[in-house]
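Peer 1: Dropping in entry.txt, which is compact mmCIF, C-alpha atoms:
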```txt
# COMPACT_ATOMS: atom_id res chain seq x y z
CA MET Q 1 1.05 12.47 20.76
CA ASN Q 2 1.23 16.26 20.68
CA ILE Q 3 1.58 17.60 17.13
CA PRO Q 4 2.87 21.17 16.97
CA SER Q 5 2.09 23.65 14.25
CA PHE Q 6 5.23 24.73 12.41
CA VAL Q 7 6.53 25.81 9.03
CA PRO Q 8 8.29 22.82 7.45
CA CYS Q 9 11.42 23.27 5.39
CA GLY Q 10 14.02 20.75 4.31
CA LYS Q 11 14.69 17.37 2.77
CA VAL Q 12 12.98 14.06 3.50
CA SER Q 13 14.55 10.65 2.83
CA LEU Q 14 11.55 8.50 1.99
CA PRO Q 15 11.15 4.81 2.81
CA SER Q 16 11.34 2.23 0.06
CA SER Q 17 8.17 1.32 -1.79
CA LYS Q 18 6.25 -1.06 0.46
CA SER Q 19 4.34 -2.41 -2.52
CA TYR Q 20 7.48 -3.31 -4.44
CA PHE Q 21 9.16 -4.63 -1.27
CA HIS Q 22 6.47 -7.30 -0.84
CA ARG Q 23 6.52 -8.21 -4.49
CA TYR Q 24 10.26 -8.62 -4.92
CA LEU Q 25 10.63 -10.77 -1.81
CA ILE Q 26 7.95 -13.13 -3.11
CA SER Q 27 9.36 -13.05 -6.64
CA PHE Q 28 12.81 -14.04 -5.35
CA PHE Q 29 11.19 -16.90 -3.46
CA ILE Q 30 9.47 -18.05 -6.66
CA ALA Q 31 12.59 -17.90 -8.84
CA ASN Q 32 14.65 -19.77 -6.25
CA LYS Q 33 17.86 -18.07 -7.41
CA LYS Q 34 20.26 -16.11 -5.23
CA SER Q 35 19.13 -12.48 -5.40
CA SER Q 36 19.40 -9.33 -3.30
CA LEU Q 37 17.24 -6.38 -2.45
CA THR Q 38 18.68 -3.05 -1.28
CA TYR Q 39 16.24 -0.89 0.67
CA TYR Q 40 16.05 2.16 2.91
CA SER Q 41 13.93 0.90 5.78
CA MET Q 42 11.82 -2.09 6.83
CA CYS Q 43 8.20 -1.71 7.89
CA GLU Q 44 5.97 -4.09 9.84
CA ASP Q 45 3.91 -5.32 6.88
CA VAL Q 46 6.96 -6.29 4.83
CA TYR Q 47 8.54 -7.99 7.83
CA LEU Q 48 5.42 -10.17 8.15
CA THR Q 49 5.73 -11.22 4.51
CA LEU Q 50 9.40 -12.03 5.00
CA LYS Q 51 8.73 -14.19 8.09
CA ALA Q 52 5.92 -16.01 6.29
CA LEU Q 53 8.21 -16.81 3.37
CA GLU Q 54 10.72 -18.23 5.83
CA LYS Q 55 7.99 -20.47 7.25
CA LEU Q 56 7.37 -21.69 3.69
CA GLY Q 57 11.01 -22.66 3.27
CA GLY Q 58 12.72 -19.49 2.09
CA GLU Q 59 16.22 -18.75 3.36
CA PHE Q 60 17.09 -15.06 3.65
CA LEU Q 61 19.94 -13.07 5.16
CA ILE Q 62 18.92 -9.70 6.57
CA GLU Q 63 21.70 -7.14 6.76
CA GLU Q 64 21.62 -3.38 7.19
CA ASN Q 65 19.64 -2.07 4.22
CA LYS Q 66 20.03 -5.32 2.27
CA ILE Q 67 18.21 -8.66 2.11
CA THR Q 68 19.72 -11.60 0.26
CA PHE Q 69 17.64 -14.59 -0.78
CA PHE Q 70 19.61 -17.86 -1.01
CA LYS Q 71 17.29 -20.77 -1.68
CA ARG Q 72 13.86 -22.25 -1.16
CA LYS Q 73 13.59 -25.54 0.69
CA SER Q 74 10.55 -27.80 0.51
CA ALA Q 75 7.71 -26.35 2.53
CA PRO Q 76 6.53 -28.42 5.50
CA ASN Q 77 3.13 -30.11 5.29
CA TYR Q 78 1.81 -27.79 8.00
CA VAL Q 79 2.57 -24.08 7.90
CA GLU Q 80 1.29 -21.41 10.27
CA PHE Q 81 2.10 -17.73 10.07
CA ASP Q 82 0.73 -14.40 11.29
CA VAL Q 83 -0.24 -11.52 8.99
CA LYS Q 84 -1.71 -9.28 11.73
CA GLU Q 85 -3.43 -6.48 9.75
CA SER Q 86 -1.50 -6.90 6.49
CA ALA Q 87 -4.03 -7.65 3.77
CA SER Q 88 -1.16 -7.63 1.27
CA THR Q 89 0.61 -10.49 3.05
CA LEU Q 90 -2.59 -12.52 3.29
CA ARG Q 91 -3.70 -12.04 -0.32
CA PHE Q 92 -0.24 -12.31 -1.86
CA LEU Q 93 0.75 -15.50 -0.05
CA PHE Q 94 -2.50 -17.41 0.30
CA PHE Q 95 -2.44 -19.21 -3.05
CA ILE Q 96 1.22 -20.23 -3.05
CA SER Q 97 0.94 -21.33 0.59
CA CYS Q 98 -1.95 -23.64 -0.23
CA TYR Q 99 -0.09 -24.88 -3.30
CA LEU Q 100 3.08 -25.76 -1.36
CA SER Q 101 1.56 -27.09 1.90
CA SER Q 102 -1.36 -29.39 2.57
CA HIS Q 103 -2.40 -27.71 5.80
CA ILE Q 104 -2.02 -23.99 6.47
CA LYS Q 105 -3.19 -21.64 9.18
CA ILE Q 106 -3.04 -17.89 8.66
CA ASN Q 107 -3.53 -15.83 11.79
CA GLY Q 108 -4.57 -12.20 11.63
CA SER Q 109 -6.43 -9.41 13.35
CA LYS Q 110 -10.19 -9.27 13.72
CA SER Q 111 -10.26 -6.10 11.66
CA LEU Q 112 -8.48 -7.86 8.77
CA PHE Q 113 -10.84 -10.81 8.53
CA LYS Q 114 -13.83 -8.57 9.14
CA ARG Q 115 -13.05 -6.98 5.77
CA GLY Q 116 -13.81 -10.34 4.17
CA ILE Q 117 -11.94 -12.71 1.87
CA LYS Q 118 -14.77 -13.56 -0.52
CA PRO Q 119 -12.61 -14.46 -3.58
CA ILE Q 120 -10.57 -16.88 -1.44
CA GLU Q 121 -13.66 -18.52 -0.01
CA GLU Q 122 -15.21 -18.90 -3.46
CA PHE Q 123 -11.98 -20.43 -4.77
CA LEU Q 124 -11.82 -22.99 -1.95
CA LYS Q 125 -15.49 -23.89 -2.34
CA ASN Q 126 -15.06 -24.40 -6.08
CA GLN Q 127 -12.24 -26.84 -5.40
CA ASN Q 128 -14.16 -28.60 -2.59
CA ILE Q 129 -11.37 -27.88 -0.11
CA LYS Q 130 -12.28 -27.83 3.54
CA TYR Q 131 -11.48 -24.66 5.43
CA ASN Q 132 -12.26 -22.99 8.73
CA LEU Q 133 -12.64 -19.20 8.82
CA GLN Q 134 -12.83 -17.57 12.23
CA ASP Q 135 -12.51 -14.02 13.55
CA THR Q 136 -8.74 -14.21 13.82
CA TYR Q 137 -7.58 -16.97 11.49
CA LEU Q 138 -8.13 -18.95 8.32
CA GLU Q 139 -7.23 -22.65 8.32
CA VAL Q 140 -7.17 -24.68 5.09
CA PHE Q 141 -7.04 -28.48 4.88
CA GLY Q 142 -5.69 -29.70 1.56
CA LYS Q 143 -3.55 -28.48 -1.32
CA ILE Q 144 -5.17 -26.40 -4.03
CA LYS Q 145 -5.11 -27.27 -7.73
CA VAL Q 146 -3.95 -24.65 -10.20
CA ASP Q 147 -6.83 -23.69 -12.45
CA ASN Q 148 -8.07 -20.64 -14.31
CA PHE Q 149 -8.89 -17.85 -11.89
CA ILE Q 150 -11.84 -15.53 -12.50
CA LEU Q 151 -12.27 -12.46 -10.35
CA ASN Q 152 -15.86 -11.40 -10.84
CA GLU Q 153 -15.97 -8.38 -8.56
CA ASN Q 154 -13.87 -5.24 -8.48
CA ILE Q 155 -12.80 -5.89 -4.89
CA SER Q 156 -9.00 -5.79 -4.77
CA SER Q 157 -6.25 -6.17 -7.34
CA GLN Q 158 -4.21 -7.97 -4.65
CA TYR Q 159 -6.05 -11.22 -5.42
CA ILE Q 160 -4.83 -10.96 -9.01
CA THR Q 161 -1.28 -10.49 -7.76
CA GLY Q 162 -1.62 -13.50 -5.45
CA TYR Q 163 -2.66 -15.67 -8.36
CA LEU Q 164 0.12 -14.32 -10.58
CA PHE Q 165 2.55 -15.56 -7.95
CA LEU Q 166 0.86 -18.97 -8.02
CA LEU Q 167 1.19 -19.23 -11.81
CA GLY Q 168 4.79 -18.10 -11.53
CA ILE Q 169 5.75 -20.82 -9.07
CA SER Q 170 3.59 -23.62 -10.53
CA LYS Q 171 4.44 -22.92 -14.22
CA GLU Q 172 0.87 -23.94 -15.07
CA ASP Q 173 -0.53 -22.68 -18.38
CA LYS Q 174 -3.66 -21.07 -16.91
CA TYR Q 175 -5.18 -17.62 -17.09
CA ILE Q 176 -6.56 -14.89 -14.85
CA LYS Q 177 -9.70 -13.04 -15.94
CA TYR Q 178 -10.51 -9.76 -14.22
CA PRO Q 179 -13.35 -7.22 -14.46
CA VAL Q 180 -13.48 -4.46 -17.04
CA ASN Q 181 -12.25 -1.17 -15.56
CA MET Q 182 -10.44 -2.94 -12.74
CA GLU Q 183 -9.49 -0.39 -10.11
CA SER Q 184 -5.90 0.04 -8.92
CA PHE Q 185 -4.61 -1.97 -11.86
CA SER Q 186 -1.28 -0.15 -11.59
CA TYR Q 187 -0.54 -2.50 -8.68
CA VAL Q 188 -0.97 -5.48 -10.99
CA GLU Q 189 1.47 -3.85 -13.38
CA MET Q 190 3.96 -3.59 -10.51
CA SER Q 191 3.50 -7.31 -9.87
CA LEU Q 192 4.08 -8.12 -13.52
CA LYS Q 193 7.24 -6.00 -13.42
CA SER Q 194 8.66 -7.74 -10.34
CA LEU Q 195 7.98 -11.16 -11.86
CA GLU Q 196 9.48 -10.13 -15.18
CA ASP Q 197 12.63 -9.09 -13.34
CA ILE Q 198 13.11 -12.70 -12.15
CA GLY Q 199 12.32 -14.24 -15.54
CA VAL Q 200 8.54 -14.79 -15.48
CA SER Q 201 6.58 -12.95 -18.16
CA PHE Q 202 2.85 -12.72 -18.87
CA ILE Q 203 0.62 -11.52 -21.68
CA ASN Q 204 -2.15 -9.14 -20.64
CA GLU Q 205 -4.89 -8.65 -23.25
CA ASP Q 206 -8.64 -8.11 -23.13
CA ASN Q 207 -8.94 -8.45 -19.35
CA LEU Q 208 -7.07 -11.75 -19.51
CA ILE Q 209 -3.58 -12.44 -18.15
CA LYS Q 210 -1.79 -15.53 -19.46
CA LEU Q 211 1.60 -16.99 -18.64
CA ASN Q 212 4.02 -16.28 -21.51
CA LYS Q 213 7.40 -17.80 -20.65
CA ILE Q 214 9.54 -18.70 -17.65
CA ASN Q 215 13.29 -18.51 -17.42
CA TYR Q 216 14.02 -18.03 -13.73
CA CYS Q 217 17.00 -15.76 -13.09
CA SER Q 218 18.72 -14.00 -10.22
CA ASN Q 219 18.64 -10.24 -9.82
CA ASP Q 220 19.96 -7.47 -7.59
CA ILE Q 221 17.29 -4.83 -7.09
CA VAL Q 222 17.53 -1.40 -5.52
CA LEU Q 223 14.05 -0.46 -4.34
CA GLU Q 224 12.65 2.88 -5.43
CA GLN Q 225 11.11 5.32 -2.97
CA ASP Q 226 7.49 5.11 -1.86
CA TYR Q 227 5.02 7.53 -3.42
CA SER Q 228 2.33 6.68 -0.85
CA SER Q 229 4.64 8.03 1.84
CA LEU Q 230 5.73 10.96 -0.31
CA ALA Q 231 2.13 12.15 -0.66
CA ASN Q 232 1.91 13.27 2.98
CA PHE Q 233 5.00 15.45 2.79
CA ALA Q 234 4.23 16.66 -0.73
CA VAL Q 235 0.86 17.98 0.48
CA LEU Q 236 2.54 19.54 3.52
CA GLY Q 237 5.13 21.33 1.40
CA ALA Q 238 2.58 22.41 -1.22
CA LEU Q 239 0.44 24.07 1.44
CA LYS Q 240 3.04 25.36 3.91
CA GLY Q 241 6.79 25.77 3.66
CA LYS Q 242 9.06 23.76 1.40
CA VAL Q 243 9.77 20.01 1.27
CA ILE Q 244 12.44 18.51 -0.97
CA PHE Q 245 12.98 14.95 -2.22
CA GLU Q 246 15.97 13.49 -4.00
CA ASN Q 247 16.32 10.71 -6.57
CA LEU Q 248 12.62 10.04 -7.17
CA ASN Q 249 11.73 7.63 -9.96
CA LEU Q 250 9.53 9.91 -12.03
CA THR Q 251 8.64 7.04 -14.39
CA SER Q 252 7.54 4.74 -11.57
CA LEU Q 253 4.60 2.36 -12.03
CA GLN Q 254 3.35 3.13 -8.52
CA GLY Q 255 -0.28 4.22 -8.71
CA ASP Q 256 0.17 6.77 -5.95
CA LYS Q 257 2.57 8.70 -8.17
CA LYS Q 258 -0.73 10.35 -9.20
CA ILE Q 259 -0.14 12.75 -6.29
CA LEU Q 260 2.16 14.69 -8.62
CA GLU Q 261 -0.57 15.09 -11.23
CA ILE Q 262 -3.19 16.04 -8.63
CA LEU Q 263 -0.98 18.71 -7.08
CA MET Q 264 -0.04 20.12 -10.48
CA ASP Q 265 -3.72 20.23 -11.46
CA GLY Q 266 -4.30 22.17 -8.23
CA ARG Q 267 -1.61 24.65 -9.34
CA ALA Q 268 0.92 23.68 -6.71
CA LYS Q 269 4.40 25.15 -7.06
CA ILE Q 270 6.59 22.15 -7.83
CA ASP Q 271 10.19 22.56 -8.94
CA PHE Q 272 12.13 19.87 -10.78
CA PHE Q 273 15.87 20.49 -10.75
CA GLN Q 274 18.48 17.86 -11.57
CA ASN Q 275 17.82 15.01 -9.08
CA GLU Q 276 15.59 17.06 -6.76
CA VAL Q 277 11.85 17.71 -6.61
CA SER Q 278 10.59 20.40 -4.23
CA PHE Q 279 7.04 21.20 -3.18
CA ASN Q 280 6.57 24.84 -2.25
CA SER Q 281 3.88 26.77 -0.40
CA SER Q 282 1.00 27.47 -2.77
CA ILE Q 283 -2.65 28.37 -2.97
CA ILE Q 284 -4.21 25.11 -4.13
CA LYS Q 285 -7.46 25.29 -6.05
CA GLY Q 286 -10.29 22.79 -5.72
CA GLN Q 287 -10.79 20.15 -8.40
CA THR Q 288 -12.48 16.84 -9.14
CA ILE Q 289 -10.37 13.88 -8.02
CA SER Q 290 -10.95 10.23 -8.86
CA LEU Q 291 -9.57 7.71 -6.37
CA LYS Q 292 -10.04 4.81 -8.79
CA ASP Q 293 -6.32 4.06 -9.15
CA CYS Q 294 -4.97 5.73 -6.00
CA ILE Q 295 -7.34 4.72 -3.21
CA ASP Q 296 -4.60 4.85 -0.55
CA LEU Q 297 -4.21 8.57 -1.20
CA GLY Q 298 -7.77 9.16 0.02
CA PRO Q 299 -7.00 10.36 3.58
CA ILE Q 300 -4.22 12.80 2.66
CA LEU Q 301 -6.19 14.11 -0.31
CA PHE Q 302 -9.10 14.87 2.01
CA VAL Q 303 -6.63 16.98 3.99
CA LEU Q 304 -5.42 18.68 0.80
CA ALA Q 305 -9.03 19.48 -0.10
CA SER Q 306 -9.70 20.90 3.39
CA TYR Q 307 -7.00 23.53 2.81
CA SER Q 308 -7.71 24.13 -0.89
CA TYR Q 309 -9.45 27.17 -2.32
CA GLY Q 310 -13.02 26.35 -3.35
CA LYS Q 311 -14.75 23.02 -3.84
CA THR Q 312 -13.05 19.66 -4.24
CA THR Q 313 -15.17 16.73 -5.40
CA PHE Q 314 -14.09 13.11 -4.93
CA ILE Q 315 -15.42 10.25 -7.05
CA ASN Q 316 -14.67 6.51 -7.17
CA PHE Q 317 -13.98 6.39 -3.45
CA SER Q 318 -16.12 3.41 -2.36
CA ARG Q 319 -13.18 1.10 -1.58
CA LEU Q 320 -12.12 3.44 1.24
CA ILE Q 321 -14.54 1.58 3.49
CA TYR Q 322 -12.68 -1.73 3.04
CA LYS Q 323 -9.26 -0.67 4.33
CA GLU Q 324 -7.68 -1.10 7.80
CA SER Q 325 -10.54 1.04 8.98
CA ASN Q 326 -13.54 2.51 7.22
CA ARG Q 327 -11.42 5.39 5.99
CA LEU Q 328 -14.39 7.22 4.54
CA LYS Q 329 -16.29 7.35 7.83
CA CYS Q 330 -13.20 7.84 9.98
CA MET Q 331 -11.87 10.79 7.97
CA PHE Q 332 -15.35 12.29 7.80
CA ASP Q 333 -15.75 12.08 11.59
CA GLU Q 334 -12.25 13.39 12.36
CA LEU Q 335 -12.39 16.31 9.95
CA LYS Q 336 -15.76 17.28 11.35
CA LYS Q 337 -13.98 17.81 14.70
CA ALA Q 338 -12.11 20.64 12.97
CA ASN Q 339 -15.34 21.97 11.43
CA VAL Q 340 -14.24 21.05 7.93
CA ASP Q 341 -17.08 21.54 5.44
CA ILE Q 342 -17.26 17.94 4.22
CA ASN Q 343 -20.37 16.21 2.93
CA ILE Q 344 -21.22 12.96 1.19
CA VAL Q 345 -23.80 13.50 -1.52
CA ASN Q 346 -24.87 10.50 -3.57
CA ASP Q 347 -21.66 9.17 -5.12
CA GLU Q 348 -19.49 12.17 -4.31
CA VAL Q 349 -17.53 13.46 -1.35
CA ILE Q 350 -17.54 17.25 -1.44
CA ILE Q 351 -15.16 19.37 0.60
CA ASN Q 352 -15.30 23.15 0.59
CA GLY Q 353 -11.86 24.15 1.74
CA LYS Q 354 -10.53 27.23 3.46
CA ALA Q 355 -7.13 28.77 4.11
CA SER Q 356 -6.68 27.86 7.76
CA TYR Q 357 -8.01 26.07 10.84
CA GLU Q 358 -7.50 27.11 14.43
CA GLY Q 359 -5.98 23.88 15.76
CA GLY Q 360 -6.28 22.47 19.27
CA TYR Q 361 -8.09 19.36 18.00
CA HIS Q 362 -7.89 15.88 19.52
CA PHE Q 363 -7.83 13.35 16.71
CA SER Q 364 -8.07 9.56 16.72
CA SER Q 365 -5.94 7.59 14.27
CA HIS Q 366 -8.41 4.70 14.44
CA ASN Q 367 -5.24 2.57 14.54
CA ASP Q 368 -4.90 3.19 10.79
CA HIS Q 369 -1.47 4.29 9.57
CA ARG Q 370 -2.72 6.35 6.63
CA ILE Q 371 -5.32 8.17 8.71
CA CYS Q 372 -2.71 8.85 11.37
CA MET Q 373 -0.26 10.39 8.89
CA ALA Q 374 -2.96 12.42 7.13
CA LEU Q 375 -4.34 13.89 10.36
CA THR Q 376 -0.82 14.64 11.52
CA ILE Q 377 -0.28 16.71 8.37
CA PHE Q 378 -3.64 18.45 8.98
CA SER Q 379 -2.40 19.30 12.50
CA VAL Q 380 0.91 20.78 11.36
CA LEU Q 381 -0.98 22.89 8.81
CA SER Q 382 -3.38 24.27 11.44
CA LYS Q 383 -2.66 27.31 13.63
CA GLY Q 384 -2.40 25.51 16.97
CA ASN Q 385 -1.07 22.30 18.46
CA CYS Q 386 -3.20 19.16 18.12
CA ILE Q 387 -3.22 15.71 19.71
CA ILE Q 388 -3.41 12.41 17.87
CA ASP Q 389 -3.95 9.05 19.57
CA ASP Q 390 -2.35 5.66 18.80
CA GLU Q 391 0.38 7.11 16.63
CA GLU Q 392 2.36 3.84 16.80
CA CYS Q 393 0.25 2.49 13.94
CA VAL Q 394 2.52 4.27 11.45
CA LYS Q 395 5.00 1.39 11.96
CA LYS Q 396 2.82 -0.61 9.61
CA SER Q 397 4.21 1.26 6.61
CA TYR Q 398 6.47 4.15 7.70
CA PRO Q 399 8.25 3.55 11.05
CA HIS Q 400 10.28 6.79 10.97
CA PHE Q 401 7.43 9.05 9.83
CA PHE Q 402 7.45 11.28 12.91
CA GLU Q 403 11.24 11.46 12.95
CA ASP Q 404 11.21 12.67 9.34
CA LEU Q 405 8.34 15.08 10.01
CA PHE Q 406 9.96 16.78 12.98
CA SER Q 407 13.29 16.96 11.16
CA LEU Q 408 11.57 19.48 8.88
CA ARG Q 409 11.08 21.69 11.91
CA SER Q 410 14.71 21.50 13.01
CA GLN Q 411 15.98 21.95 9.45
CA ASN Q 412 13.87 25.08 9.15
CA GLU Q 413 15.24 26.48 12.40
CA ASN Q 414 18.82 25.80 11.32
CA ASN Q 415 18.91 26.36 7.59
CA CYS Q 416 15.72 27.56 5.95
```
Turn this file's structure into structure tokens for me.

Peer 2:
Amino acid sequence: MNIPSFVPCGKVSLPSSKSYFHRYLISFFIANKKSSLTYYSMCEDVYLTLKALEKLGGEFLIEENKITFFKRKSAPNYVEFDVKESASTLRFLFFISCYLSSHIKINGSKSLFKRGIKPIEEFLKNQNIKYNLQDTYLEVFGKIKVDNFILNENISSQYITGYLFLLGISKEDKYIKYPVNMESFSYVEMSLKSLEDIGVSFINEDNLIKLNKINYCSNDIVLEQDYSSLANFAVLGALKGKVIFENLNLTSLQGDKKILEILMDGRAKIDFFQNEVSFNSSIIKGQTISLKDCIDLGPILFVLASYSYGKTTFINFSRLIYKESNRLKCMFDELKKANVDINIVNDEVIINGKASYEGGYHFSSHNDHRICMALTIFSVLSKGNCIIDDEECVKKSYPHFFEDLFSLRSQNENNC
């Protein structure tokens, strides 16, 4: 796709939070009470979770911008579903799938299983359950028993969420123990919130999460907007032009809300007025940024650093290599095409930014939605048109990303 350079100006209607979307669908399934979810748009990952829940016996009605859950039937003994590249769907649904069905098969992409599922394998081995892990699927023979779950490594908080769902549906009085300084713990807090909203509460103390009480209830939820998606346009507006958002939840639990703090620390011009937040063209200064609790912001923050004044240092970035692609290597290689001064020194990524880049670059998305969006923003910020390959991958999380992006060009021409 050809990405033109232009000055953006206007409003963007963001998609609903993908993280909350997954969690509420599964929470409704657990509570087994009629509930509804109002949303702005559906992405591929969430659709995969929805179809998997239907395979497990969930009955949903999908209408325009609304999903209603009706009831959960008994899951069949054999269940097979496809998660493609959605690690969230795999990790969130694995435990309850193996609890409800005696034989499951989860299909997925080679890139997904290449990332590894070590905590799942260890769990199955500890319970002496036979399984078959191949390049493109995991097959499990036998129902799991609900026991205490100990996550020894700081790999992914999604395994904690998956086990929270298991405790919520099984009602077993067990606990989850997780590492000290668990990264991206804000996502666990989002899971606890979604479960609390359907009547399942937990106690979280001293790296231990215990079931507190269950009183399943129905609920009608309006999903908040997605801060992971906002980050791309916030960076664009803060560096060039003006981008406006309406009705943001400024008290959101989403970890990627940290983009607001990072931009303010970089002295971005951000205006808060009534129900609007606008990001305005600024000179952003370099800073030290930890990706510990906002790892998905890595690609777009590398772009921010490339256009910032002075040195930006990134720490706690190691989990970038375990995403849909090795985002550390891929962003390093792509930014080098534009002669960005980026280096990896010991446990730091250092980017010495500058005001502008000439453009005319040919980028690869590496079939990774977050890399694709980040490099697209880099291209718009540059002086000349760029090309990005395999742009369809944005459907994974933000299907109308390019439509929203180019609307900022037309809005500028007409109104700004």

Peer 1: My list of candidates is Q:Ser111, Q:Ser194, Q:Ser281, Q:Gln254. Which is closest to Ala234 (chain Q) when distances are computed with all atoms listed in the file?

Peer 2: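 Of all the options, Q:Ser281 lies closest to Ala234 (chain Q).
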
Peer 1: Just want the 8 Å neighbourhood of region 167-182 of chain Q, counted on all atoms listed in the file, with same-chain residues fewer than 2 positions away dropped. Output as a ChimeraX atom specification.

Peer 2: /Q:30-31,96,146-154,157,160,163-165,184-185,195,200,207-211,214

Peer 1: Which one is closest to Ile144 (chain Q): Q:Ser88, Q:Ser186, Q:Thr38, Q:Ser101? Count only C-alpha atoms.

Peer 2: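 Selected residue with least distance to Ile144 (chain Q): Q:Ser101.
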
Peer 1: Do a neighbour search on region 299-301 of chain Q at 7 Å with only C-alpha atoms, toss out local chain neighbours closer than 4 positions, and write the hits as a ChimeraX atom specification.

Peer 2: /Q:232,305,331,370-371,374

Peer 1: What's around Ala338 (chain Q) at 9 Å? Count all atoms listed in the file, leave out sequence neighbours fewer than 5 positions away in its own chain, and write the answer as a ChimeraX atom specification.

Peer 2: /Q:357-361

Peer 1: Do you have the CA of Gly10 (chain Q)-CA of Tyr309 (chain Q) distance handy?

Peer 2: 25.2 Å

Peer 1: Could you check which of Q:Lys34, Q:Lys143, Q:Pro8, Q:Glu334 is closest to Ser365 (chain Q), using only C-alpha atoms?

Peer 2: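 Under the stated criterion, the closest residue is Q:Glu334.
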
Peer 1: So, with all atoms listed in the file as the atoms that count, which of Q:Ile203, Q:Leu239, Q:Cys393, Q:Val140 lies closest to Val7 (chain Q)?

Peer 2: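 Smallest separation from Val7 (chain Q) among the options: Q:Leu239.
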
Peer 1: So what do you get for CA of Gly108 (chain Q) versus CA of Val83 (chain Q), distance-wise?

Peer 2: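 Atom-to-atom, CA of Gly108 (chain Q) and CA of Val83 (chain Q) are spaced 5.1 Å apart.
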
Peer 1: Between Q:Ile26, Q:Asp135, Q:Gln225, Q:Leu112, single out the one closest to Asp368 (chain Q), counting all atoms listed in the file.

Peer 2: Q:Leu112

Peer 1: Select, from Q:Leu263, Q:Val243, Q:Leu192, Q:Ala355, the residue with the minimum atom-to-atom distance to Cys9 (chain Q), counting all atoms listed in the file.

Peer 2: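 Among the listed residues, Q:Val243 lies closest to Cys9 (chain Q).
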
Peer 1: If we count only C-alpha atoms, what is near Phe60 (chain Q) at a cut-off of 8 Å, once residues fewer than 3 positions away on the same chain are taken out, given as a PyMOL selection string?

Peer 2: chain Q and resi 54+67-71
